[in-house]
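Engineer: Supplied structure: upload.cif, mmCIF, C-alpha atoms.
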```cif
data_input
#
loop_
_atom_site.label_atom_id
_atom_site.label_comp_id
_atom_site.auth_asym_id
_atom_site.auth_seq_id
_atom_site.Cartn_x
_atom_site.Cartn_y
_atom_site.Cartn_z
CA MET A 229 -3.20 28.44 -4.29
CA THR A 230 -5.42 27.90 -7.29
CA GLN A 231 -7.19 24.70 -8.17
CA THR A 232 -4.83 24.12 -11.10
CA GLU A 233 -1.75 24.51 -8.92
CA PHE A 234 -3.23 22.12 -6.39
CA LEU A 235 -3.99 19.53 -9.06
CA ASN A 236 -0.49 19.84 -10.50
CA ILE A 237 0.95 19.05 -7.07
CA VAL A 238 -1.46 16.30 -6.02
CA MET A 239 -2.28 14.38 -9.21
CA PRO A 240 1.14 12.73 -9.67
CA PHE A 241 0.82 10.79 -6.40
CA LYS A 242 -2.96 10.35 -6.17
CA ASP A 243 -2.73 6.74 -7.40
CA LYS A 244 -0.07 5.92 -4.81
CA VAL A 245 -2.38 7.18 -2.07
CA PHE A 246 -5.13 4.94 -3.44
CA ARG A 247 -2.88 1.87 -3.64
CA LEU A 248 -1.67 2.32 -0.08
CA ALA A 249 -5.24 2.74 1.13
CA LYS A 250 -6.27 -0.35 -0.82
CA ARG A 251 -3.44 -2.39 0.66
CA LEU A 252 -4.45 -1.38 4.18
CA LEU A 253 -8.23 -1.40 3.81
CA VAL A 254 -8.42 -4.17 1.16
CA SER A 255 -11.77 -2.99 -0.18
CA THR A 256 -11.71 -0.89 -3.35
CA GLU A 257 -14.65 1.20 -2.19
CA GLU A 258 -13.09 1.88 1.19
CA ALA A 259 -9.80 2.79 -0.50
CA GLU A 260 -11.58 5.21 -2.84
CA ASP A 261 -13.29 6.83 0.15
CA ALA A 262 -9.99 7.10 2.01
CA THR A 263 -8.27 8.64 -1.01
CA GLN A 264 -11.07 11.16 -1.36
CA GLU A 265 -10.86 12.07 2.34
CA VAL A 266 -7.09 12.56 2.19
CA LEU A 267 -7.33 14.72 -0.94
CA LEU A 268 -10.13 16.73 0.66
CA LYS A 269 -8.02 17.33 3.77
CA LEU A 270 -5.13 18.44 1.55
CA TRP A 271 -7.45 20.82 -0.32
CA ASN A 272 -8.83 22.27 2.92
CA ASN A 273 -5.28 22.88 4.14
CA LYS A 274 -3.89 24.10 0.82
CA THR A 275 -2.70 27.34 2.41
CA LYS A 276 -0.38 25.34 4.70
CA MET A 277 1.05 23.16 1.91
CA ALA A 278 4.07 25.39 1.44
CA ASP A 279 5.14 24.55 5.01
CA TYR A 280 5.73 20.88 4.13
CA LYS A 281 8.99 19.74 2.59
CA ASN A 282 7.48 16.72 0.84
CA ILE A 283 3.73 16.88 0.25
CA GLU A 284 3.69 13.36 -1.18
CA ALA A 285 5.23 11.87 1.96
CA PHE A 286 2.87 13.94 4.09
CA SER A 287 -0.15 12.65 2.16
CA MET A 288 1.06 9.05 2.46
CA THR A 289 1.37 9.52 6.23
CA MET A 290 -2.14 11.02 6.30
CA THR A 291 -3.41 8.02 4.31
CA LYS A 292 -1.76 5.53 6.65
CA ASN A 293 -3.23 7.26 9.72
CA PHE A 294 -6.68 7.60 8.16
CA CYS A 295 -6.73 3.92 7.20
CA PHE A 296 -5.64 2.82 10.66
CA ASP A 297 -8.40 4.93 12.19
CA LYS A 298 -10.88 3.39 9.75
CA LEU A 299 -9.74 -0.13 10.58
CA LYS A 300 -10.12 0.55 14.30
CA SER A 301 -13.71 1.65 13.79
CA LYS A 302 -16.65 -0.73 13.82
CA GLN A 303 -17.29 -0.23 10.09
CA ALA A 304 -14.29 -2.33 9.01
CA GLN A 305 -15.63 -5.74 10.00
CA ASN A 306 -16.34 -7.38 6.66
CA LEU A 307 -13.71 -6.56 4.07
CA LYS A 308 -12.73 -8.98 1.33
CA ILE A 309 -9.50 -9.11 -0.64
CA VAL A 310 -9.91 -8.51 -4.35
CA HIS A 311 -6.63 -6.76 -5.14
CA ASN A 312 -5.03 -7.83 -8.42
CA ASN A 313 -2.84 -5.38 -10.28
CA TYR A 314 -1.13 -7.80 -12.64
CA GLU A 315 -2.23 -8.21 -16.27
CA ASP A 316 -0.36 -9.83 -19.13
CA GLY A 317 -2.24 -10.73 -22.32
CA ASN A 318 0.66 -12.63 -23.91
CA THR A 319 0.70 -15.62 -21.58
CA SER A 320 -1.11 -18.91 -21.97
CA LEU A 321 -4.21 -19.67 -19.96
CA GLN A 322 -2.30 -22.19 -17.83
CA LYS A 323 0.41 -19.64 -17.06
CA GLN A 324 -2.23 -17.00 -16.24
CA VAL A 325 -3.94 -19.36 -13.80
CA GLU A 326 -0.60 -20.13 -12.14
CA LEU A 327 0.36 -16.45 -11.93
CA ASN A 328 -3.03 -15.49 -10.51
CA ASP A 329 -2.76 -18.28 -7.97
CA SER A 330 0.74 -17.18 -6.94
CA LEU A 331 -0.38 -13.56 -6.72
CA SER A 332 -3.32 -14.60 -4.61
CA TRP A 333 -1.00 -16.51 -2.27
CA VAL A 334 1.35 -13.54 -1.97
CA GLU A 335 -1.60 -11.26 -1.17
CA ARG A 336 -2.78 -13.65 1.55
CA ILE A 337 0.72 -13.93 2.98
CA ILE A 338 1.12 -10.13 3.01
CA GLU A 339 -2.23 -9.77 4.79
CA ASP A 340 -0.95 -12.11 7.53
CA LEU A 341 2.24 -10.11 8.09
CA PRO A 342 2.54 -7.84 11.11
CA GLU A 343 1.20 -4.34 10.43
CA GLN A 344 4.63 -2.70 10.26
CA GLN A 345 6.02 -5.27 7.81
CA LYS A 346 2.87 -5.01 5.70
CA LEU A 347 3.28 -1.24 5.44
CA VAL A 348 6.99 -1.41 4.65
CA ILE A 349 6.54 -4.04 1.92
CA GLN A 350 3.68 -2.00 0.40
CA LEU A 351 5.63 1.24 0.37
CA ARG A 352 8.93 -0.23 -0.83
CA ASP A 353 8.07 -3.06 -3.24
CA ILE A 354 4.73 -1.87 -4.56
CA GLU A 355 4.92 1.92 -4.32
CA ALA A 356 8.72 2.01 -4.92
CA TYR A 357 9.54 4.55 -2.24
CA GLU A 358 13.12 4.92 -1.06
CA LEU A 359 14.05 3.61 2.38
CA ASP A 360 14.67 7.14 3.70
CA GLU A 361 11.19 8.25 2.60
CA ILE A 362 9.59 5.20 4.21
CA ALA A 363 11.48 5.86 7.44
CA LYS A 364 10.12 9.42 7.54
CA MET A 365 6.56 8.36 6.66
CA LEU A 366 6.42 5.65 9.29
CA ASP A 367 8.51 7.55 11.83
CA MET A 368 11.02 4.71 12.01
CA ASN A 369 14.78 4.36 12.03
CA ASN A 370 16.26 3.59 8.58
CA THR A 371 17.78 0.37 9.93
CA ALA A 372 14.42 -0.71 11.35
CA VAL A 373 12.82 -0.20 7.93
CA ARG A 374 15.47 -2.41 6.29
CA VAL A 375 15.03 -5.09 8.95
CA ALA A 376 11.23 -5.06 8.62
CA LEU A 377 11.51 -5.22 4.82
CA SER A 378 13.98 -8.11 5.00
CA ARG A 379 11.81 -10.04 7.44
CA ALA A 380 8.68 -9.46 5.37
CA ARG A 381 10.37 -10.62 2.16
CA LYS A 382 11.82 -13.67 3.92
CA THR A 383 8.41 -14.62 5.32
CA ILE A 384 6.76 -14.22 1.92
CA ARG A 385 9.49 -16.25 0.21
CA GLU A 386 9.35 -19.08 2.77
CA LYS A 387 5.58 -19.36 2.85
CA LEU A 388 5.28 -19.19 -0.93
CA THR A 389 8.01 -21.82 -1.36
CA ASN A 390 6.28 -24.08 1.17
CA THR A 391 2.98 -23.62 -0.65
CA HIS A 392 4.43 -24.44 -4.06
CA ASN A 393 6.45 -27.41 -2.76
CA TYR A 394 3.53 -28.98 -0.95
CA GLY A 395 3.79 -32.76 -1.27
CA ILE A 396 7.21 -32.66 -2.94
CA LYS A 397 10.07 -34.19 -0.98
#
```
Just dump the structure as C-alpha cells.
Structural biologist:
Amino acid sequence: MTQTEFLNIVMPFKDKVFRLAKRLLVSTEEAEDATQEVLLKLWNNKTKMADYKNIEAFSMTMTKNFCFDKLKSKQAQNLKIVHNNYEDGNTSLQKQVELNDSLSWVERIIEDLPEQQKLVIQLRDIEAYELDEIAKMLDMNNTAVRVALSRARKTIREKLTNTHNYGIK
C-alpha cells in the first residue's frame, strides 16, 4: 500500500478519531497525541488493512482502547476541559453567553456520565455513527447501545433542565 492510498483511506475519518480522543482524554494535546499514535499504528499495520471490513470502525476501537489505557496511566492526573466546538457569528452577545454556558453545562454533565454512556453519546450524537456501528465498536448488543444512549440523553436533559430552572417554582 502506498502512502497516497493510505491517506485516501485514513484522512476522511482522522477528525473523528481526534474528536473521540478529545472527548475521552479532554485535553487537546493528549487527544492530538492519541490520534497520532492510532494513525501510526495503522500505518505500521498497513499490510493487514485489507483484512478489516471497516477500517474506520477499527480505528475508532483502537482510539477508545488507547485512550482508556492512557487514562489508567499515572500521566492522566491533571486534565482540564476546554472542549467547545460550537461557533455562530450571527447571534447576539447575550445569546452567545447563554449558549456557551449551556454547552459548558452539557460538557460537565457528559463528563459525569458513566464511561459506557459517555462513549455512546459521543459516538452517536457527536460523531453521528449508526447504532450498529457503535455496537460493533464497543462490543455491545444493539439493544444495550440504545438503552445506554437513552439513559445518557435522559440524564443530560434532566440535569440541564434542573440547572436552568434553578430557583423557579
Engineer: So the first atom is atom CA of Lys387 of chain A and the second is atom CA of Asp340 of chain A; what is the distance between them in Å, to one decimal place?
Structural biologist: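 Between atom CA of Lys387 of chain A and atom CA of Asp340 of chain A the gap is 10.8 Å.
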Engineer: Report as a ChimeraX atom specification the full result of the PyMOL selection byres ((chain A and resi 247) around 10) when it is applied to this structure.
Structural biologist: /A:242-246,248-254,256,259-260,263,311,313,350-351,354-355
Engineer: Can you work out the spacing between atom CA of Glu386 of chain A and atom CA of Leu359 of chain A in Å, to one decimal?
Structural biologist: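 Taking atom CA of Glu386 of chain A and atom CA of Leu359 of chain A, their separation equals 23.2 Å.
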Engineer: What's around Gln231 of chain A at 12 Å? Count only C-alpha atoms, leave out sequence neighbours fewer than 4 positions away in its own chain, and write the answer as a list of chain:residue names.
Structural biologist: A:Leu235, A:Asn236, A:Ile237, A:Val238, A:Met239, A:Leu270, A:Trp271, A:Asn272, A:Lys274, A:Thr275
Engineer: Please determine the residues with any atom at most 12 Å from (1.4, 17.4, 4.6) (coordinates as given in the file, with all atoms listed in the file counting) and report them as JSON, numbers by chain.
Structural biologist: {"A": [237, 238, 266, 267, 269, 270, 271, 272, 273, 274, 275, 276, 277, 278, 279, 280, 281, 282, 283, 284, 285, 286, 287, 288, 289, 290, 291, 365]}
Engineer: Find the axis-aligned box for segment 318-334 of chain A, covering all its listed atoms and adding 4 Å on each side, and write its centre and edge lengths in Å to one decimal as JSON.
Structural biologist:
```
{"center_x": -1.4, "center_y": -17.4, "center_z": -12.9, "size_x": 13.6, "size_y": 17.6, "size_z": 29.9}
```
Engineer: Between A:Leu377, A:Leu321, A:Leu388, A:Leu299, which residue has the minimum interatomic distance to Gln345 of chain A, considering all atoms listed in the file?
Structural biologist: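 Counting all atoms listed in the file, the residue closest to Gln345 of chain A is A:Leu377.
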Engineer: Which residue is closest to Phe241 of chain A? Choose from A:Tyr357, A:Asp329, A:Thr391, A:Leu347 and count all atoms listed in the file.
Structural biologist: A:Tyr357
Engineer: For the atom pair atom CA of Tyr394 of chain A and atom CA of Val348 of chain A, what is the interatomic distance in Å to one decimal place?
Structural biologist: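 The value is 28.3 Å.
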Engineer: Let me make sure I understand: among A:Glu258, A:Glu265, A:Asp353, A:Glu233, which one has the smallest atom-to-atom distance to Arg381 of chain A if we use only C-alpha atoms?
Structural biologist: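 Counting only C-alpha atoms, the residue closest to Arg381 of chain A is A:Asp353.
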Engineer: Given the file above and the PyMOL selection byres ((chain A and resi 383) around 12), which residues are selected, and can you give them as a compact mmCIF listing (two decimals) with C-alpha atoms, in the frame of the given file?
Structural biologist:
```txt
# COMPACT_ATOMS: atom_id res chain seq x y z
CA VAL A 334 1.35 -13.54 -1.97
CA ARG A 336 -2.78 -13.65 1.55
CA ILE A 337 0.72 -13.93 2.98
CA ILE A 338 1.12 -10.13 3.01
CA GLU A 339 -2.23 -9.77 4.79
CA ASP A 340 -0.95 -12.11 7.53
CA LEU A 341 2.24 -10.11 8.09
CA PRO A 342 2.54 -7.84 11.11
CA GLN A 345 6.02 -5.27 7.81
CA LYS A 346 2.87 -5.01 5.70
CA ILE A 349 6.54 -4.04 1.92
CA ALA A 376 11.23 -5.06 8.62
CA LEU A 377 11.51 -5.22 4.82
CA SER A 378 13.98 -8.11 5.00
CA ARG A 379 11.81 -10.04 7.44
CA ALA A 380 8.68 -9.46 5.37
CA ARG A 381 10.37 -10.62 2.16
CA LYS A 382 11.82 -13.67 3.92
CA ILE A 384 6.76 -14.22 1.92
CA ARG A 385 9.49 -16.25 0.21
CA GLU A 386 9.35 -19.08 2.77
CA LYS A 387 5.58 -19.36 2.85
CA LEU A 388 5.28 -19.19 -0.93
CA THR A 389 8.01 -21.82 -1.36
CA ASN A 390 6.28 -24.08 1.17
```
Engineer: Evaluate the PyMOL selection byres ((chain A and resi 366) around 9) against this structure - the residues, as a ChimeraX atom specification, please.
Structural biologist: /A:289,292,344,347-348,361-365,367-369,373
